[in-house]
>>> print(open('work14.cif').read())   # mmCIF, C-alpha atoms
data_my_file
loop_
_atom_site.label_atom_id
_atom_site.label_comp_id
_atom_site.auth_asym_id
_atom_site.auth_seq_id
_atom_site.Cartn_x
_atom_site.Cartn_y
_atom_site.Cartn_z
CA MET A 1 66.89 -37.44 114.75
CA LEU A 2 63.70 -36.44 112.98
CA PRO A 3 63.86 -33.54 110.51
CA ASP A 4 62.35 -30.26 111.57
CA LEU A 5 59.15 -29.90 109.54
CA LYS A 6 58.98 -26.17 110.00
CA GLU A 7 62.46 -25.82 108.63
CA ILE A 8 61.53 -27.93 105.59
CA GLY A 9 58.36 -25.87 105.11
CA ASP A 10 60.38 -22.68 105.26
CA LYS A 11 62.84 -24.05 102.72
CA ILE A 12 59.96 -24.70 100.33
CA THR A 13 58.17 -21.39 100.80
CA GLN A 14 60.97 -18.92 101.51
CA ASN A 15 62.56 -18.76 98.09
CA ASN A 16 62.24 -16.92 94.79
CA ILE A 17 60.33 -19.60 92.93
CA TRP A 18 57.57 -19.96 95.53
CA LYS A 19 57.39 -16.19 96.09
CA SER A 20 57.00 -15.54 92.36
CA ILE A 21 53.88 -17.71 92.32
CA PHE A 22 52.50 -16.87 95.78
CA ARG A 23 53.41 -13.28 96.60
CA HIS A 24 52.71 -13.28 100.33
CA GLY A 25 51.27 -15.33 103.13
CA TYR A 26 47.59 -15.52 103.87
CA GLU A 27 46.17 -14.30 107.13
CA ASP A 28 42.69 -15.72 107.72
CA THR A 29 40.61 -12.63 108.46
CA PRO A 30 37.10 -11.68 107.22
CA ARG A 31 38.63 -8.90 105.15
CA ASN A 32 41.13 -11.23 103.51
CA ARG A 33 38.40 -13.77 102.79
CA MET A 34 36.48 -11.08 100.92
CA LEU A 35 39.59 -9.94 99.08
CA GLN A 36 40.32 -13.53 98.14
CA ILE A 37 36.95 -13.81 96.42
CA LEU A 38 37.35 -10.45 94.70
CA GLY A 39 40.86 -11.24 93.59
CA ASN A 40 40.12 -14.77 92.39
CA VAL A 41 40.77 -14.93 88.68
CA TRP A 42 38.33 -17.80 88.14
CA LEU A 43 35.51 -15.77 89.72
CA HIS A 44 36.48 -12.31 88.43
CA ILE A 45 38.38 -12.38 85.17
CA HIS A 46 38.40 -8.60 85.14
CA PRO A 47 40.27 -7.29 88.18
CA THR A 48 38.45 -4.95 90.55
CA THR A 49 41.11 -2.32 90.03
CA VAL A 50 43.28 -1.70 87.02
CA THR A 51 46.10 0.80 86.76
CA LYS A 52 45.73 3.46 84.09
CA GLY A 53 48.87 2.33 82.36
CA SER A 54 47.45 -1.16 81.97
CA ILE A 55 44.70 -0.02 79.61
CA ASN A 56 46.66 2.55 77.68
CA ILE A 57 46.98 1.24 74.14
CA SER A 58 48.41 4.31 72.46
CA PHE A 59 51.88 2.83 72.14
CA THR A 60 51.10 -0.62 71.04
CA TRP A 61 53.52 -3.42 70.65
CA CYS A 62 50.56 -5.64 71.44
CA LEU A 63 52.13 -8.84 70.12
CA GLY A 64 50.52 -10.83 72.92
CA GLY A 65 47.22 -9.17 72.07
CA LEU A 66 47.68 -10.10 68.42
CA THR A 67 48.40 -13.67 69.42
CA PHE A 68 45.20 -13.75 71.46
CA PHE A 69 43.26 -12.29 68.55
CA VAL A 70 44.63 -14.97 66.23
CA PHE A 71 43.75 -17.62 68.84
CA LEU A 72 40.15 -16.38 68.90
CA PHE A 73 40.11 -16.39 65.10
CA GLU A 74 41.42 -19.97 65.10
CA THR A 75 38.72 -20.99 67.57
CA LEU A 76 36.00 -19.48 65.40
CA THR A 77 37.22 -20.89 62.07
CA GLY A 78 38.16 -24.17 63.75
CA VAL A 79 34.64 -24.73 65.06
CA LEU A 80 33.23 -23.93 61.61
CA LEU A 81 35.66 -26.41 59.99
CA MET A 82 34.51 -29.08 62.44
CA PHE A 83 31.09 -29.01 60.75
CA TYR A 84 32.61 -30.42 57.56
CA TYR A 85 35.69 -32.37 58.65
CA THR A 86 35.61 -36.02 59.75
CA PRO A 87 38.65 -37.39 61.59
CA ASP A 88 38.47 -40.69 59.73
CA VAL A 89 41.32 -42.03 57.58
CA ASN A 90 38.97 -42.68 54.66
CA ARG A 91 37.35 -39.28 54.75
CA ALA A 92 39.73 -36.71 56.22
CA TYR A 93 41.68 -35.97 53.04
CA ALA A 94 38.53 -35.85 50.89
CA ASP A 95 36.83 -33.53 53.39
CA MET A 96 39.85 -31.24 53.31
CA LEU A 97 39.78 -31.24 49.49
CA ASP A 98 36.06 -30.46 49.50
CA LEU A 99 36.73 -27.48 51.73
CA SER A 100 39.68 -26.36 49.59
CA ASN A 101 37.71 -26.71 46.35
CA ASN A 102 34.78 -24.70 47.67
CA ALA A 103 32.36 -27.65 47.69
CA ILE A 104 31.23 -25.82 50.81
CA PRO A 105 30.51 -22.08 50.48
CA LEU A 106 33.50 -20.16 51.85
CA GLY A 107 35.23 -23.50 52.47
CA ARG A 108 38.51 -22.50 50.87
CA LEU A 109 38.57 -19.19 52.74
CA LEU A 110 37.89 -21.01 56.04
CA ARG A 111 40.52 -23.68 55.62
CA ASN A 112 43.21 -21.45 54.22
CA THR A 113 42.75 -18.67 56.77
CA HIS A 114 42.73 -21.28 59.56
CA ARG A 115 46.03 -22.62 58.25
CA TRP A 116 47.64 -19.23 57.72
CA ALA A 117 46.43 -17.95 61.08
CA GLY A 118 47.97 -21.06 62.65
CA HIS A 119 51.33 -20.11 61.17
CA ALA A 120 50.75 -16.49 62.19
CA MET A 121 50.09 -17.50 65.79
CA VAL A 122 53.43 -19.29 66.03
CA ILE A 123 55.15 -16.22 64.56
CA THR A 124 53.40 -13.67 66.80
CA VAL A 125 54.02 -15.81 69.88
CA CYS A 126 57.74 -15.90 69.06
CA PHE A 127 57.89 -12.15 68.46
CA HIS A 128 55.96 -11.58 71.69
CA MET A 129 58.50 -13.67 73.55
CA LEU A 130 61.36 -11.81 71.86
CA ARG A 131 59.86 -8.44 72.83
CA VAL A 132 59.40 -9.52 76.44
CA PHE A 133 62.98 -10.76 76.48
CA LEU A 134 64.45 -7.60 74.94
CA THR A 135 62.55 -5.24 77.23
CA GLY A 136 63.51 -7.35 80.24
CA SER A 137 59.85 -7.77 81.15
CA TYR A 138 60.46 -11.30 82.41
CA LYS A 139 62.23 -9.94 85.49
CA ALA A 140 60.75 -9.71 89.00
CA PRO A 141 57.91 -9.53 89.81
CA ARG A 142 56.90 -11.09 86.47
CA GLN A 143 58.97 -14.31 86.52
CA PHE A 144 55.95 -16.55 86.99
CA ASN A 145 54.15 -14.96 84.05
CA TRP A 146 57.20 -15.76 81.92
CA VAL A 147 56.88 -19.37 83.02
CA LEU A 148 53.19 -19.36 82.07
CA GLY A 149 54.20 -17.82 78.74
CA VAL A 150 56.70 -20.57 78.05
CA ILE A 151 54.01 -23.21 78.70
CA LEU A 152 51.69 -21.30 76.36
CA LEU A 153 54.42 -21.32 73.70
CA VAL A 154 54.69 -25.08 74.00
CA LEU A 155 50.90 -25.42 73.76
CA THR A 156 50.91 -23.20 70.66
CA LEU A 157 53.54 -25.41 69.03
CA LEU A 158 51.58 -28.54 70.00
CA LEU A 159 48.40 -27.04 68.50
CA SER A 160 50.30 -26.39 65.31
CA PHE A 161 51.77 -29.91 65.38
CA THR A 162 48.47 -31.73 65.97
CA GLY A 163 46.77 -29.61 63.29
CA TYR A 164 49.42 -30.67 60.80
CA LEU A 165 48.21 -34.28 60.68
CA LEU A 166 44.51 -33.51 60.22
CA PRO A 167 44.48 -33.07 56.40
CA TRP A 168 45.89 -36.65 56.29
CA ASP A 169 48.13 -35.78 53.37
CA GLN A 170 51.75 -36.72 52.67
CA LEU A 171 53.14 -33.53 54.20
CA GLY A 172 51.34 -33.97 57.49
CA TYR A 173 51.85 -37.73 57.62
CA TRP A 174 55.63 -37.52 57.34
CA ALA A 175 55.84 -34.46 59.59
CA ILE A 176 54.06 -36.43 62.31
CA THR A 177 56.25 -39.47 61.55
CA VAL A 178 59.37 -37.40 62.13
CA GLY A 179 57.94 -35.49 65.11
CA THR A 180 56.70 -38.55 66.98
CA ASN A 181 59.96 -40.39 66.28
CA MET A 182 61.67 -37.50 68.03
CA ALA A 183 59.28 -38.05 70.94
CA GLY A 184 60.32 -41.70 70.80
CA ALA A 185 63.88 -40.57 71.55
CA THR A 186 62.88 -38.77 74.77
CA PRO A 187 65.21 -39.74 77.64
CA PHE A 188 63.55 -42.21 80.04
CA ALA A 189 60.10 -42.00 78.38
CA GLY A 190 60.76 -42.90 74.72
CA TYR A 191 61.63 -46.39 73.48
CA GLN A 192 64.64 -45.19 71.45
CA GLY A 193 65.84 -42.67 74.02
CA PRO A 194 68.55 -43.10 76.63
CA PHE A 195 67.59 -45.05 79.77
CA ALA A 196 64.41 -46.39 78.11
CA GLU A 197 65.19 -49.89 79.38
CA LEU A 198 65.30 -48.53 82.93
CA PHE A 199 61.49 -48.36 83.03
CA GLY A 200 60.94 -51.08 80.45
CA PHE A 201 59.73 -48.80 77.67
CA THR A 202 59.34 -50.48 74.30
CA ILE A 203 57.64 -49.43 71.07
CA ASP A 204 54.23 -50.47 72.40
CA ASN A 205 54.16 -48.67 75.75
CA ASP A 206 56.31 -45.53 75.51
CA ILE A 207 55.41 -41.85 75.14
CA ARG A 208 55.30 -42.09 71.34
CA PHE A 209 52.75 -44.89 71.65
CA GLY A 210 50.71 -42.68 73.98
CA LEU A 211 50.68 -39.91 71.40
CA LEU A 212 49.81 -42.14 68.44
CA GLY A 213 47.55 -44.69 70.11
CA GLY A 214 49.53 -47.38 68.28
CA THR A 215 52.99 -48.33 67.10
CA SER A 216 52.56 -46.57 63.74
CA ILE A 217 50.48 -43.72 62.36
CA GLN A 218 47.04 -45.23 61.78
CA ALA A 219 43.44 -44.27 62.43
CA PRO A 220 43.91 -43.85 66.24
CA ALA A 221 46.69 -41.30 65.65
CA LEU A 222 44.42 -39.17 63.47
CA LEU A 223 41.63 -39.32 66.03
CA ARG A 224 44.00 -38.42 68.88
CA ALA A 225 45.46 -35.50 66.95
CA TYR A 226 41.92 -34.31 66.29
CA VAL A 227 40.73 -34.50 69.91
CA TRP A 228 43.89 -32.87 71.29
CA HIS A 229 43.75 -30.21 68.58
CA CYS A 230 40.07 -29.32 68.99
CA ILE A 231 39.47 -29.85 72.71
CA GLY A 232 42.42 -30.75 74.92
CA LEU A 233 45.04 -28.21 73.89
CA PRO A 234 42.71 -25.20 73.30
CA ALA A 235 41.11 -25.79 76.71
CA MET A 236 44.50 -25.87 78.43
CA ALA A 237 45.74 -22.85 76.49
CA GLY A 238 42.54 -20.92 77.22
CA GLY A 239 42.80 -21.56 80.95
CA LEU A 240 46.44 -20.53 81.06
CA MET A 241 45.72 -17.44 78.97
CA ILE A 242 43.25 -16.29 81.61
CA LEU A 243 45.99 -16.60 84.25
CA HIS A 244 48.54 -14.98 81.93
CA PHE A 245 46.40 -11.89 81.29
CA TRP A 246 45.33 -11.67 84.90
CA ARG A 247 48.91 -11.56 86.10
CA ILE A 248 49.62 -8.75 83.61
CA ARG A 249 46.65 -6.78 84.95
CA LYS A 250 47.85 -7.37 88.52
CA ASP A 251 51.50 -6.56 87.90
CA GLY A 252 51.01 -3.76 85.41
CA PHE A 253 53.03 -3.39 82.26
CA SER A 254 56.76 -3.10 82.52
CA GLY A 255 56.82 -0.14 80.17
CA ARG A 256 54.42 1.52 77.79
CA LEU A 257 52.16 -0.96 76.13
CA MET B 1 30.93 -38.07 144.88
CA PRO B 2 34.13 -38.23 142.99
CA GLN B 3 35.53 -34.97 141.98
CA VAL B 4 36.04 -34.41 138.29
CA ARG B 5 39.21 -32.66 137.61
CA MET B 6 39.22 -30.59 134.48
CA GLU B 7 42.63 -30.18 133.03
CA THR B 8 43.53 -28.43 129.85
CA GLU B 9 45.10 -30.73 127.33
CA LYS B 10 48.80 -30.54 127.58
CA ARG B 11 50.12 -29.12 124.34
CA GLU B 12 53.44 -30.45 123.36
CA GLU B 13 55.81 -28.43 121.29
CA GLY B 14 57.39 -29.96 118.22
CA GLY B 15 54.45 -30.16 115.82
CA ILE B 16 53.28 -33.40 114.34
CA TRP B 17 56.19 -35.43 115.51
CA THR B 18 54.86 -35.48 119.06
CA SER B 19 51.16 -34.70 118.73
CA ARG B 20 49.03 -37.81 118.29
CA ARG B 21 46.18 -35.97 116.61
CA SER B 22 48.41 -34.31 114.07
CA PHE B 23 50.10 -37.58 113.35
CA PHE B 24 46.80 -39.20 112.41
CA THR B 25 45.83 -36.17 110.34
CA LEU B 26 49.07 -36.39 108.43
CA ALA B 27 48.80 -40.16 108.09
CA ALA B 28 45.26 -39.82 106.70
CA TRP B 29 46.42 -37.23 104.18
CA GLY B 30 49.30 -39.45 103.23
CA ILE B 31 47.05 -42.46 102.62
CA PHE B 32 44.60 -40.28 100.71
CA LEU B 33 47.26 -38.79 98.44
CA VAL B 34 48.94 -42.14 97.83
CA THR B 35 45.55 -43.63 96.89
CA ILE B 36 44.77 -40.72 94.55
CA GLY B 37 48.25 -41.00 93.06
CA ASP B 38 47.77 -44.71 92.47
CA TYR B 39 44.40 -44.13 90.77
CA LEU B 40 45.92 -41.37 88.63
CA TRP B 41 48.79 -43.65 87.61
CA ASN B 42 46.35 -46.40 86.69
CA LEU B 43 44.35 -43.85 84.73
CA LEU B 44 47.15 -41.93 83.01
CA GLY B 45 50.18 -44.22 83.35
CA THR B 46 51.61 -46.49 80.71
CA THR B 47 48.94 -49.13 81.29
CA GLY B 48 46.18 -46.53 81.56
CA PHE B 49 43.62 -44.84 79.41
CA PHE B 50 45.92 -43.67 76.63
CA PHE B 51 47.42 -47.13 76.09
CA PRO B 52 44.87 -49.46 74.47
CA LYS B 53 45.27 -53.18 75.12
CA VAL B 54 44.16 -54.24 71.68
CA LEU B 55 45.70 -52.83 68.50
CA TYR B 56 44.13 -53.03 65.07
CA GLU B 57 47.35 -52.80 63.14
CA PRO B 58 48.62 -54.74 60.10
CA SER B 59 50.18 -58.08 60.99
CA LYS B 60 53.96 -58.03 61.40
CA ARG B 61 54.21 -61.39 59.63
CA PHE B 62 52.98 -61.57 56.05
CA ALA B 63 53.45 -63.42 52.77
CA VAL B 64 54.71 -61.36 49.84
CA GLY B 65 54.39 -63.82 46.95
CA TYR B 66 56.39 -66.62 45.31
CA PRO B 67 60.18 -66.28 45.10
CA GLN B 68 60.09 -66.54 41.30
CA ASP B 69 57.91 -63.40 41.20
CA PHE B 70 60.96 -61.35 42.17
CA PRO B 71 63.38 -60.78 39.27
CA ASP B 72 66.98 -61.78 39.79
CA HIS B 73 69.37 -59.01 40.94
CA SER B 74 66.49 -56.73 41.78
CA VAL B 75 65.21 -54.61 44.63
CA VAL B 76 61.42 -54.80 44.76
CA THR B 77 59.63 -52.10 46.75
CA LEU B 78 56.60 -53.24 48.74
CA LYS B 79 55.31 -49.80 49.64
CA ALA B 80 52.32 -50.74 51.77
CA ARG B 81 54.41 -53.20 53.81
CA ARG B 82 57.28 -50.73 54.15
CA VAL B 83 59.82 -53.32 53.08
CA PHE B 84 62.23 -54.03 50.19
CA VAL B 85 62.77 -57.54 48.89
CA VAL B 86 66.33 -57.84 47.62
CA ARG B 87 67.14 -60.85 45.43
CA GLU B 88 70.66 -61.87 44.45
CA GLY B 89 70.51 -65.13 42.53
CA ASN B 90 68.77 -67.56 44.87
CA ALA B 91 69.38 -65.47 48.02
CA PHE B 92 66.61 -63.30 49.43
CA GLN B 93 66.72 -60.48 51.96
CA ALA B 94 63.98 -58.28 53.40
CA ILE B 95 65.21 -54.77 54.22
CA SER B 96 63.13 -52.21 56.10
CA MET B 97 62.04 -49.03 54.33
CA ILE B 98 62.03 -47.12 57.62
CA CYS B 99 64.94 -44.69 57.81
CA GLN B 100 66.96 -45.09 60.99
CA HIS B 101 67.14 -41.33 61.45
CA LEU B 102 63.53 -40.22 62.05
CA GLY B 103 61.37 -42.87 60.46
CA CYS B 104 60.68 -41.60 56.94
CA ALA B 105 60.39 -44.10 54.08
CA VAL B 106 63.60 -44.48 52.08
CA HIS B 107 63.43 -45.28 48.37
CA TRP B 108 65.59 -47.39 46.07
CA THR B 109 67.48 -45.35 43.48
CA GLU B 110 68.21 -47.79 40.65
CA GLU B 111 70.79 -45.60 38.82
CA LYS B 112 72.96 -45.14 41.88
CA GLY B 113 72.22 -48.50 43.43
CA ILE B 114 71.58 -47.03 46.87
CA PHE B 115 68.68 -46.33 49.25
CA GLU B 116 67.95 -42.64 49.80
CA CYS B 117 65.76 -40.90 52.36
CA PRO B 118 63.75 -37.92 51.06
CA CYS B 119 63.42 -36.24 54.46
CA HIS B 120 66.95 -35.48 55.60
CA GLY B 121 69.19 -37.03 52.96
CA SER B 122 70.39 -40.23 54.62
CA LYS B 123 71.90 -42.73 52.18
CA TYR B 124 72.38 -46.49 52.47
CA TYR B 125 74.19 -49.07 50.36
CA LYS B 126 72.28 -51.94 48.80
CA ASP B 127 73.01 -54.07 51.88
CA GLY B 128 71.34 -51.43 54.08
CA VAL B 129 74.51 -49.97 55.59
CA ASN B 130 74.35 -46.19 56.08
CA PHE B 131 77.13 -44.11 54.49
CA ALA B 132 75.81 -40.52 54.33
CA GLY B 133 73.39 -38.20 56.10
CA PRO B 134 72.19 -38.24 59.70
CA ALA B 135 71.21 -41.92 59.91
CA PRO B 136 72.97 -43.47 62.92
CA ARG B 137 72.81 -47.14 61.95
CA PRO B 138 71.99 -49.50 59.03
CA LEU B 139 68.46 -50.30 57.90
CA TYR B 140 66.83 -53.24 59.68
CA HIS B 141 66.92 -56.62 58.01
CA PHE B 142 63.86 -58.75 58.70
CA HIS B 143 63.53 -62.48 59.08
CA THR B 144 62.39 -64.25 55.93
CA SER B 145 61.12 -67.79 55.46
CA LEU B 146 59.08 -69.91 53.09
CA SER B 147 55.49 -70.82 53.87
CA ASP B 148 54.10 -74.31 53.30
CA ASP B 149 52.70 -73.29 49.91
CA GLY B 150 56.09 -71.94 48.84
CA LYS B 151 55.50 -68.24 49.40
CA LEU B 152 58.09 -65.85 50.75
CA VAL B 153 57.12 -64.78 54.30
CA ILE B 154 58.55 -61.73 56.04
CA ASP B 155 58.40 -61.19 59.80
CA THR B 156 59.06 -57.53 60.70
CA SER B 157 58.97 -58.32 64.41
CA GLN B 158 62.25 -60.23 64.00
CA VAL B 159 65.30 -58.13 63.15
CA ILE B 160 68.22 -60.28 62.00
CA GLU B 161 71.91 -59.74 61.20
CA ARG B 162 72.77 -58.13 57.89
CA ASP B 163 74.63 -61.11 56.44
CA ARG B 164 71.80 -63.59 56.96
CA LYS B 165 69.95 -64.45 53.77
CA LEU B 166 67.24 -66.86 52.78
CA VAL B 167 68.76 -69.14 50.17
CA ILE B 168 66.28 -71.15 48.14
#
>>> encode(input="work14.cif", output="structure tokens")
Amino acid sequence: MLPDLKEIGDKITQNNIWKSIFRHGYEDTPRNRMLQILGNVWLHIHPTTVTKGSINISFTWCLGGLTFFVFLFETLTGVLLMFYYTPDVNRAYADMLDLSNNAIPLGRLLRNTHRWAGHAMVITVCFHMLRVFLTGSYKAPRQFNWVLGVILLVLTLLLSFTGYLLPWDQLGYWAITVGTNMAGATPFAGYQGPFAELFGFTIDNDIRFGLLGGTSIQAPALLRAYVWHCIGLPAMAGGLMILHFWRIRKDGFSGRL
Amino acid sequence: MPQVRMETEKREEGGIWTSRRSFFTLAAWGIFLVTIGDYLWNLLGTTGFFFPKVLYEPSKRFAVGYPQDFPDHSVVTLKARRVFVVREGNAFQAISMICQHLGCAVHWTEEKGIFECPCHGSKYYKDGVNFAGPAPRPLYHFHTSLSDDGKLVIDTSQVIERDRKLVI
């Protein structure tokens, strides 16, 4: 007896998880095609219609907004730091010291504000999450935006983590040692974790190796942290932020902003 | 002249399980997705892009000097190699500096005669056995041997039992 495909399809699409991501079905009509273009976040970041409540900023918790502001600040200062920082084991620490000792005009201000804003972003993200939790704003129809938010939290923590190694000092080195050893204890995927032998993971092919580009923290680890920190993670976070904000505009705020 | 009979294609109910055309469509998608999946695994899997085939890392087997260079009843710290050389009379042991908790470097505290980890406070006896802190197991002991020119050679790729010593 072959399974009924329609029944399987219904099982996949007729539930809360699917419906929180895709609100309704799609009927292929000329009108809907037009609406699809107008409503496409990648083509129109600003929605065609916005409710009045969505742009009212008189009562501002605005912790998400603050987080976004800090992210933009990090992008700006980060790009400026890239002009003077080399992700090379022989130069990274010296470059960081040059910046800190004002060998470059405004260098100390740039580096220190980038570092403090990094801490601030983690803090504001956590407070934002706490606010959303306390006001119950994660409930329907906003469940999917909560999921996006959780992914953004993880990306924020990863940005913070990868940035930690870049000064190539003792603090960062041992923080990354500890952090990646934790990754090495991941079930199934880390060489020290449970069930590692199931897929034949050892120190030179597990998830920790993938993060470090080697079995210990050497030059490849610094380069990987740098590329993920400057390109990979910000790009992912930026893309998800667009979706995150768009869903807020579409759903409206749960209460007063 | 033969008469051509036009008949509408008989549509069978039951979706792809009975329709030949849909079956091939589904089969083609299946092959396509499996191929893409295979390429992605080769690209991003554990033998893919993020896992280099050649590593430029320090050798796991190295000479650390002549046995007489290590004072009797001492623990010598070889920081760059991440290893302690422990000498008791004519017996030598190589103990790993890597803490078994989360991989920090432990240090030898001469006054107390124990190894201590600065990160989370794990403590080990002189023989590498853990007795305090979060460390789950003793420090690794590495294989030691003598090279042809009489130098002490440590191989960190070979972990040996705690009671094995190189006696010279």
>>> resolve_selection(input="work14.cif", expression="the PyMOL selection byres ((chain A) within 12 of (chain B))", output="PyMOL selection string")
chain A and resi 1-7+170-171+173-185+189-190+192+199-221+224
>>> resolve_selection(input="work14.cif", expression="the PyMOL selection byres ((chain B and resi 59) around 10)", output="ChimeraX atom specification")
/B:56-58,60-62,81,155-157
>>> residues_around(input="work14.cif", residues="Tyr124 (chain B)", least_positions_apart="3", cutoff="6 Å", atoms="only C-alpha atoms", output="ChimeraX atom specification")
/B:114-115,128-131
>>> closest_residue(input="work14.cif", among="A:Met129, A:Leu110, A:Val70, A:Leu63", to="Tyr84 (chain A)", atoms="all atoms listed in the file")
A:Leu110
>>> atom_distance(input="work14.cif", atom1="CA of Asp28 (chain A)", atom2="CA of Ile36 (chain B)")
28.3 Å
>>> atom_distance(input="work14.cif", atom1="CA of Leu198 (chain A)", atom2="CA of Ala225 (chain A)")
28.6 Å
>>> atom_distance(input="work14.cif", atom1="CA of Leu66 (chain A)", atom2="CA of Leu38 (chain A)")
28.2 Å
>>> residues_around(input="work14.cif", residues="His107 (chain B)", least_positions_apart="3", cutoff="12 Å", atoms="all atoms listed in the file", output="VMD selection string")
chain B and resid 75 to 79 82 to 84 95 to 99 104 110 112 to 119 121 to 126 128 139
>>> closest_residue(input="work14.cif", among="A:Cys126, A:Leu166, A:Ile151, A:Leu76", to="Leu233 (chain A)", atoms="all atoms listed in the file")
A:Ile151
>>> closest_residue(input="work14.cif", among="A:Ala237, A:Asp169, A:Gly232, A:Trp18", to="Ala92 (chain A)", atoms="all atoms listed in the file")
A:Asp169
>>> resolve_selection(input="work14.cif", expression="the PyMOL selection byres ((chain A and resi 137) around 12)", output="CSV table (one decimal) with C-alpha atoms, in the frame of the given file")
chain,number,residue,atom,x,y,z
A,128,HIS,CA,56.0,-11.6,71.7
A,129,MET,CA,58.5,-13.7,73.6
A,130,LEU,CA,61.4,-11.8,71.9
A,131,ARG,CA,59.9,-8.4,72.8
A,132,VAL,CA,59.4,-9.5,76.4
A,133,PHE,CA,63.0,-10.8,76.5
A,134,LEU,CA,64.4,-7.6,74.9
A,135,THR,CA,62.6,-5.2,77.2
A,136,GLY,CA,63.5,-7.4,80.2
A,138,TYR,CA,60.5,-11.3,82.4
A,139,LYS,CA,62.2,-9.9,85.5
A,140,ALA,CA,60.8,-9.7,89.0
A,141,PRO,CA,57.9,-9.5,89.8
A,142,ARG,CA,56.9,-11.1,86.5
A,143,GLN,CA,59.0,-14.3,86.5
A,144,PHE,CA,56.0,-16.6,87.0
A,145,ASN,CA,54.2,-15.0,84.0
A,146,TRP,CA,57.2,-15.8,81.9
A,149,GLY,CA,54.2,-17.8,78.7
A,248,ILE,CA,49.6,-8.8,83.6
A,251,ASP,CA,51.5,-6.6,87.9
A,252,GLY,CA,51.0,-3.8,85.4
A,253,PHE,CA,53.0,-3.4,82.3
A,254,SER,CA,56.8,-3.1,82.5
A,255,GLY,CA,56.8,-0.1,80.2
A,256,ARG,CA,54.4,1.5,77.8
A,257,LEU,CA,52.2,-1.0,76.1
>>> residues_around(input="work14.cif", residues="Gly172 (chain A)", least_positions_apart="6", cutoff="9 Å", atoms="all atoms listed in the file", output="PyMOL selection string")
chain A and resi 161+163-166
